[in-house]
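S.K.: Supplied in structure tokens, the structure appears directly below.
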Amino acid sequence: MPISDSSPERRNLVLISVAFILFYAAGGSFDGGEIKLLVVNLQFSKPEILTISAWVLLFWFALRFYQKTHLDYRNELWSEIIKGGVSKSLSAKACKLARDQLQGANHADYFDKRVSAQDISSNGLWGISVVCNFQNGSGTIVHHQEVVELGGIQGFFYRQREVVSHTITGNAIAEHLVPYLLFVAAVLAPLWSRNV
């Protein structure tokens, strides 16, 4: 059965990592220099070469996957977050802050308008930015793109909550992080398999 994947680097890393995990979890070894396939018994005088080759392939596939995708993960995750829109609690917080910002700027004519959070974006390592629009009763935007920036602990909390919610619902984690987790499990397999 062929395993299809849009990324051959991801497919290679996942397959070899799973093979390592299964090999060690099942108590596999190359003792005696003999490998039995379906019909043929193969004998090797230097089975350690096979072991070294398998480990080299594992790290090669991990390197190739990293080279191809290390910049994509964060971009894809934030793309999913942006497409998902602003969560209700973050929207409520951002709209309140947008009103406070306009009040500080003495735009009294906007206070009674409906505020809605439209866009969300990353803001540094800790923060998050939300764009809010003010609309009149007929839905016409009267003040466009009041940017609200949440930083510090509050910004970090909202940022992490958005990331965690999209971790569960989005593809970025499955496509970029899970192969690394499988790789780590494969590398550590000789250690944890002793206890299995």
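Letters A, B, ... mark the chains of the structure tokens in the order given; residue numbers begin at 1 per chain; ligand numbers begin at 1, in order shown.
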Skipping near chain neighbours, those fewer than 6 positions away, what residues fall within 9 Å of Leu150 (chain A) using only C-alpha atoms, listed as a list of chain:residue names?
M.R.: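 The contact residues come out as A:Ala94, A:Asn123, A:Trp126, A:Gly127, A:Ile128, A:Ser129, A:Val130, A:Phe156, A:Tyr158, A:Arg159.
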S.K.: Go ahead and save the residues from that selection, with N, CA and C atoms, as a PDB file, in the first residue's frame.
M.R.:
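Below is the file part10.pdb, written as the result:
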```
ATOM      1  N   ALA A  94     -10.178  42.925  22.965  1.00  0.00           N
ATOM      2  CA  ALA A  94      -9.626  43.839  21.962  1.00  0.00           C
ATOM      3  C   ALA A  94     -10.583  44.994  21.685  1.00  0.00           C
ATOM      4  N   ASN A 123       2.796  39.423  17.377  1.00  0.00           N
ATOM      5  CA  ASN A 123       3.475  40.677  17.679  1.00  0.00           C
ATOM      6  C   ASN A 123       4.662  40.363  18.587  1.00  0.00           C
ATOM      7  N   TRP A 126       6.119  37.615  22.525  1.00  0.00           N
ATOM      8  CA  TRP A 126       5.138  37.510  23.587  1.00  0.00           C
ATOM      9  C   TRP A 126       3.763  38.018  23.200  1.00  0.00           C
ATOM     10  N   GLY A 127       3.714  38.986  22.312  1.00  0.00           N
ATOM     11  CA  GLY A 127       2.474  39.708  22.102  1.00  0.00           C
ATOM     12  C   GLY A 127       1.610  39.215  20.973  1.00  0.00           C
ATOM     13  N   ILE A 128       0.467  39.886  20.893  1.00  0.00           N
ATOM     14  CA  ILE A 128      -0.506  39.591  19.844  1.00  0.00           C
ATOM     15  C   ILE A 128      -1.178  40.915  19.473  1.00  0.00           C
ATOM     16  N   SER A 129      -1.486  41.106  18.194  1.00  0.00           N
ATOM     17  CA  SER A 129      -2.147  42.325  17.728  1.00  0.00           C
ATOM     18  C   SER A 129      -3.489  41.966  17.109  1.00  0.00           C
ATOM     19  N   VAL A 130      -4.474  42.808  17.352  1.00  0.00           N
ATOM     20  CA  VAL A 130      -5.811  42.603  16.805  1.00  0.00           C
ATOM     21  C   VAL A 130      -6.256  43.904  16.154  1.00  0.00           C
ATOM     22  N   PHE A 156       0.850  37.272  26.164  1.00  0.00           N
ATOM     23  CA  PHE A 156       1.391  35.918  26.105  1.00  0.00           C
ATOM     24  C   PHE A 156       0.283  34.896  26.334  1.00  0.00           C
ATOM     25  N   TYR A 158      -3.046  35.203  25.761  1.00  0.00           N
ATOM     26  CA  TYR A 158      -3.926  35.121  24.580  1.00  0.00           C
ATOM     27  C   TYR A 158      -3.210  34.465  23.401  1.00  0.00           C
ATOM     28  N   ARG A 159      -1.941  34.800  23.218  1.00  0.00           N
ATOM     29  CA  ARG A 159      -1.157  34.222  22.119  1.00  0.00           C
ATOM     30  C   ARG A 159      -1.086  32.701  22.265  1.00  0.00           C
TER      31      ARG A 159
END
```
S.K.: Would you list, as a PyMOL selection string, the residues of region 75-129 of chain A that end up in helix (DSSP H, G or I) under DSSP run on this structure's backbone?
M.R.: chain A and resi 75-84+88-104+108-110
S.K.: Using N, CA and C atoms, can you write the selected residues to a file as a CSV table (one decimal), in the first residue's frame?
M.R.:
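Output file result-v9.csv is given in full below:
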```csv
chain,number,residue,atom,x,y,z
A,75,ASN,N,4.8,30.1,10.0
A,75,ASN,CA,4.0,30.8,9.0
A,75,ASN,C,2.6,30.1,8.8
A,76,GLU,N,2.7,28.8,8.7
A,76,GLU,CA,1.4,28.0,8.5
A,76,GLU,C,0.5,28.1,9.7
A,77,LEU,N,1.2,28.0,10.9
A,77,LEU,CA,0.4,28.1,12.1
A,77,LEU,C,-0.3,29.4,12.2
A,78,TRP,N,0.4,30.5,12.0
A,78,TRP,CA,-0.2,31.8,12.1
A,78,TRP,C,-1.2,32.1,10.9
A,79,SER,N,-1.0,31.4,9.8
A,79,SER,CA,-2.0,31.5,8.7
A,79,SER,C,-3.3,30.9,9.1
A,80,GLU,N,-3.2,29.7,9.8
A,80,GLU,CA,-4.4,29.0,10.3
A,80,GLU,C,-5.1,29.9,11.4
A,81,ILE,N,-4.3,30.5,12.2
A,81,ILE,CA,-4.9,31.3,13.3
A,81,ILE,C,-5.6,32.5,12.7
A,82,ILE,N,-5.0,33.2,11.7
A,82,ILE,CA,-5.6,34.3,11.0
A,82,ILE,C,-6.9,33.9,10.3
A,83,LYS,N,-6.9,32.8,9.6
A,83,LYS,CA,-8.1,32.3,8.9
A,83,LYS,C,-9.2,31.9,9.9
A,84,GLY,N,-8.8,31.5,11.0
A,84,GLY,CA,-9.8,31.1,12.0
A,84,GLY,C,-10.5,32.3,12.7
A,88,LYS,N,-13.8,34.7,20.7
A,88,LYS,CA,-14.8,35.6,21.4
A,88,LYS,C,-14.2,36.4,22.5
A,89,SER,N,-13.5,35.7,23.4
A,89,SER,CA,-12.9,36.4,24.6
A,89,SER,C,-11.9,37.4,24.2
A,90,LEU,N,-11.0,37.0,23.2
A,90,LEU,CA,-10.0,37.9,22.7
A,90,LEU,C,-10.7,39.1,22.0
A,91,SER,N,-11.7,38.8,21.2
A,91,SER,CA,-12.4,39.8,20.5
A,91,SER,C,-13.0,40.9,21.5
A,92,ALA,N,-13.6,40.4,22.6
A,92,ALA,CA,-14.2,41.2,23.6
A,92,ALA,C,-13.2,42.1,24.2
A,93,LYS,N,-12.0,41.5,24.6
A,93,LYS,CA,-10.9,42.3,25.2
A,93,LYS,C,-10.4,43.3,24.2
A,94,ALA,N,-10.2,42.9,23.0
A,94,ALA,CA,-9.6,43.8,22.0
A,94,ALA,C,-10.6,45.0,21.7
A,95,CYS,N,-11.9,44.7,21.6
A,95,CYS,CA,-12.9,45.8,21.3
A,95,CYS,C,-12.9,46.8,22.5
A,96,LYS,N,-12.8,46.3,23.7
A,96,LYS,CA,-12.8,47.2,24.9
A,96,LYS,C,-11.5,48.1,24.8
A,97,LEU,N,-10.4,47.5,24.5
A,97,LEU,CA,-9.1,48.2,24.4
A,97,LEU,C,-9.2,49.2,23.3
A,98,ALA,N,-9.8,48.8,22.1
A,98,ALA,CA,-9.9,49.8,21.0
A,98,ALA,C,-10.8,51.0,21.4
A,99,ARG,N,-11.8,50.8,22.1
A,99,ARG,CA,-12.6,51.9,22.6
A,99,ARG,C,-11.8,52.8,23.5
A,100,ASP,N,-11.1,52.2,24.4
A,100,ASP,CA,-10.2,52.9,25.4
A,100,ASP,C,-9.2,53.7,24.6
A,101,GLN,N,-8.6,53.2,23.6
A,101,GLN,CA,-7.6,53.9,22.8
A,101,GLN,C,-8.2,55.1,22.1
A,102,LEU,N,-9.4,54.9,21.5
A,102,LEU,CA,-10.1,56.0,20.9
A,102,LEU,C,-10.5,57.1,21.8
A,103,GLN,N,-10.9,56.7,23.0
A,103,GLN,CA,-11.4,57.6,24.0
A,103,GLN,C,-10.2,58.5,24.4
A,104,GLY,N,-9.0,57.9,24.5
A,104,GLY,CA,-7.8,58.6,24.9
A,104,GLY,C,-7.4,59.6,23.8
A,108,ALA,N,-14.9,61.0,20.4
A,108,ALA,CA,-16.1,60.8,21.1
A,108,ALA,C,-17.2,60.3,20.2
A,109,ASP,N,-17.1,60.6,18.9
A,109,ASP,CA,-18.2,60.2,18.0
A,109,ASP,C,-18.1,58.7,17.7
A,110,TYR,N,-17.1,58.0,18.1
A,110,TYR,CA,-17.0,56.6,17.8
A,110,TYR,C,-17.5,55.7,19.0
```
S.K.: Between CA of Gly124 (chain A) and CA of Leu177 (chain A), what is the distance, to one decimal in Å?
M.R.: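 That distance, rounded to one decimal, is 21.1 Å.
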S.K.: Taking the DSSP secondary structure from the backbone, can you list the residues of region 2-195 of chain A that are strand (DSSP E or B), as an mmCIF file with N, CA and C atoms, in the first residue's frame?
M.R.:
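Generated file (out17.cif):
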```
data_model
loop_
_atom_site.group_PDB
_atom_site.id
_atom_site.type_symbol
_atom_site.label_atom_id
_atom_site.label_comp_id
_atom_site.auth_asym_id
_atom_site.auth_seq_id
_atom_site.Cartn_x
_atom_site.Cartn_y
_atom_site.Cartn_z
ATOM 1 N N GLU A 34 21.775 -12.510 10.733
ATOM 2 C CA GLU A 34 20.817 -13.090 9.802
ATOM 3 C C GLU A 34 19.521 -12.303 9.798
ATOM 4 N N ILE A 35 19.031 -12.016 8.584
ATOM 5 C CA ILE A 35 17.751 -11.332 8.426
ATOM 6 C C ILE A 35 16.847 -12.243 7.613
ATOM 7 N N LYS A 36 15.660 -12.474 8.113
ATOM 8 C CA LYS A 36 14.710 -13.331 7.407
ATOM 9 C C LYS A 36 13.652 -12.466 6.743
ATOM 10 N N ASN A 41 16.313 -16.044 3.382
ATOM 11 C CA ASN A 41 17.127 -15.748 4.557
ATOM 12 C C ASN A 41 18.422 -15.106 4.075
ATOM 13 N N LEU A 42 18.686 -13.891 4.529
ATOM 14 C CA LEU A 42 19.917 -13.203 4.153
ATOM 15 C C LEU A 42 20.891 -13.277 5.312
ATOM 16 N N GLN A 43 22.152 -13.552 5.000
ATOM 17 C CA GLN A 43 23.187 -13.642 6.017
ATOM 18 C C GLN A 43 24.190 -12.518 5.780
ATOM 19 N N ARG A 114 -20.605 50.212 16.938
ATOM 20 C CA ARG A 114 -20.344 48.784 17.160
ATOM 21 C C ARG A 114 -18.901 48.487 16.771
ATOM 22 N N VAL A 115 -18.192 47.795 17.648
ATOM 23 C CA VAL A 115 -16.786 47.455 17.389
ATOM 24 C C VAL A 115 -16.688 45.958 17.125
ATOM 25 N N SER A 116 -15.936 45.596 16.110
ATOM 26 C CA SER A 116 -15.717 44.172 15.845
ATOM 27 C C SER A 116 -14.239 43.932 15.546
ATOM 28 N N ALA A 117 -13.728 42.834 16.080
ATOM 29 C CA ALA A 117 -12.334 42.463 15.844
ATOM 30 C C ALA A 117 -12.260 41.707 14.518
ATOM 31 N N GLN A 118 -11.389 42.156 13.629
ATOM 32 C CA GLN A 118 -11.333 41.583 12.280
ATOM 33 C C GLN A 118 -10.135 40.682 12.049
ATOM 34 N N ASP A 119 -8.959 41.138 12.412
ATOM 35 C CA ASP A 119 -7.736 40.402 12.089
ATOM 36 C C ASP A 119 -6.896 40.218 13.327
ATOM 37 N N ILE A 120 -6.082 39.163 13.286
ATOM 38 C CA ILE A 120 -5.189 38.848 14.387
ATOM 39 C C ILE A 120 -3.805 38.583 13.803
ATOM 40 N N SER A 121 -2.769 38.982 14.516
ATOM 41 C CA SER A 121 -1.411 38.708 14.037
ATOM 42 C C SER A 121 -0.457 38.582 15.214
ATOM 43 N N SER A 122 0.682 37.966 14.925
ATOM 44 C CA SER A 122 1.723 37.806 15.927
ATOM 45 C C SER A 122 2.409 39.142 16.141
ATOM 46 N N ASN A 123 2.796 39.423 17.377
ATOM 47 C CA ASN A 123 3.475 40.677 17.679
ATOM 48 C C ASN A 123 4.662 40.363 18.587
ATOM 49 N N GLY A 127 3.714 38.986 22.312
ATOM 50 C CA GLY A 127 2.474 39.708 22.102
ATOM 51 C C GLY A 127 1.610 39.215 20.973
ATOM 52 N N ILE A 128 0.467 39.886 20.893
ATOM 53 C CA ILE A 128 -0.506 39.591 19.844
ATOM 54 C C ILE A 128 -1.178 40.915 19.473
ATOM 55 N N SER A 129 -1.486 41.106 18.194
ATOM 56 C CA SER A 129 -2.147 42.325 17.728
ATOM 57 C C SER A 129 -3.489 41.966 17.109
ATOM 58 N N VAL A 130 -4.474 42.808 17.352
ATOM 59 C CA VAL A 130 -5.811 42.603 16.805
ATOM 60 C C VAL A 130 -6.256 43.904 16.154
ATOM 61 N N VAL A 131 -6.843 43.801 14.966
ATOM 62 C CA VAL A 131 -7.375 44.968 14.266
ATOM 63 C C VAL A 131 -8.876 45.030 14.513
ATOM 64 N N CYS A 132 -9.341 46.174 15.004
ATOM 65 C CA CYS A 132 -10.767 46.355 15.290
ATOM 66 C C CYS A 132 -11.347 47.432 14.366
ATOM 67 N N ASN A 133 -12.572 47.217 13.930
ATOM 68 C CA ASN A 133 -13.285 48.189 13.110
ATOM 69 C C ASN A 133 -14.507 48.707 13.868
ATOM 70 N N PHE A 134 -14.793 49.988 13.701
ATOM 71 C CA PHE A 134 -15.985 50.601 14.297
ATOM 72 C C PHE A 134 -17.016 50.795 13.184
ATOM 73 N N GLN A 135 -18.245 50.309 13.423
ATOM 74 C CA GLN A 135 -19.290 50.388 12.408
ATOM 75 C C GLN A 135 -20.511 51.111 12.966
ATOM 76 N N ILE A 141 -18.362 50.900 7.912
ATOM 77 C CA ILE A 141 -17.208 51.132 8.778
ATOM 78 C C ILE A 141 -16.933 52.635 8.840
ATOM 79 N N VAL A 142 -16.909 53.159 10.068
ATOM 80 C CA VAL A 142 -16.655 54.591 10.251
ATOM 81 C C VAL A 142 -15.230 54.856 10.737
ATOM 82 N N HIS A 143 -14.629 53.847 11.316
ATOM 83 C CA HIS A 143 -13.218 53.977 11.714
ATOM 84 C C HIS A 143 -12.568 52.626 11.441
ATOM 85 N N HIS A 144 -11.650 52.620 10.495
ATOM 86 C CA HIS A 144 -11.074 51.373 10.024
ATOM 87 C C HIS A 144 -9.714 51.129 10.672
ATOM 88 N N GLN A 145 -9.520 49.918 11.109
ATOM 89 C CA GLN A 145 -8.234 49.418 11.579
ATOM 90 C C GLN A 145 -7.639 50.168 12.765
ATOM 91 N N GLU A 146 -8.349 50.085 13.856
ATOM 92 C CA GLU A 146 -7.769 50.501 15.134
ATOM 93 C C GLU A 146 -6.978 49.290 15.642
ATOM 94 N N VAL A 147 -5.650 49.394 15.650
ATOM 95 C CA VAL A 147 -4.807 48.263 16.035
ATOM 96 C C VAL A 147 -4.652 48.239 17.544
ATOM 97 N N VAL A 148 -4.966 47.098 18.120
ATOM 98 C CA VAL A 148 -4.840 46.893 19.561
ATOM 99 C C VAL A 148 -3.711 45.901 19.781
ATOM 100 N N GLU A 149 -2.747 46.293 20.595
ATOM 101 C CA GLU A 149 -1.619 45.413 20.879
ATOM 102 C C GLU A 149 -1.685 44.941 22.319
ATOM 103 N N LEU A 150 -1.637 43.625 22.475
ATOM 104 C CA LEU A 150 -1.622 43.027 23.804
ATOM 105 C C LEU A 150 -0.243 42.435 24.031
#
```
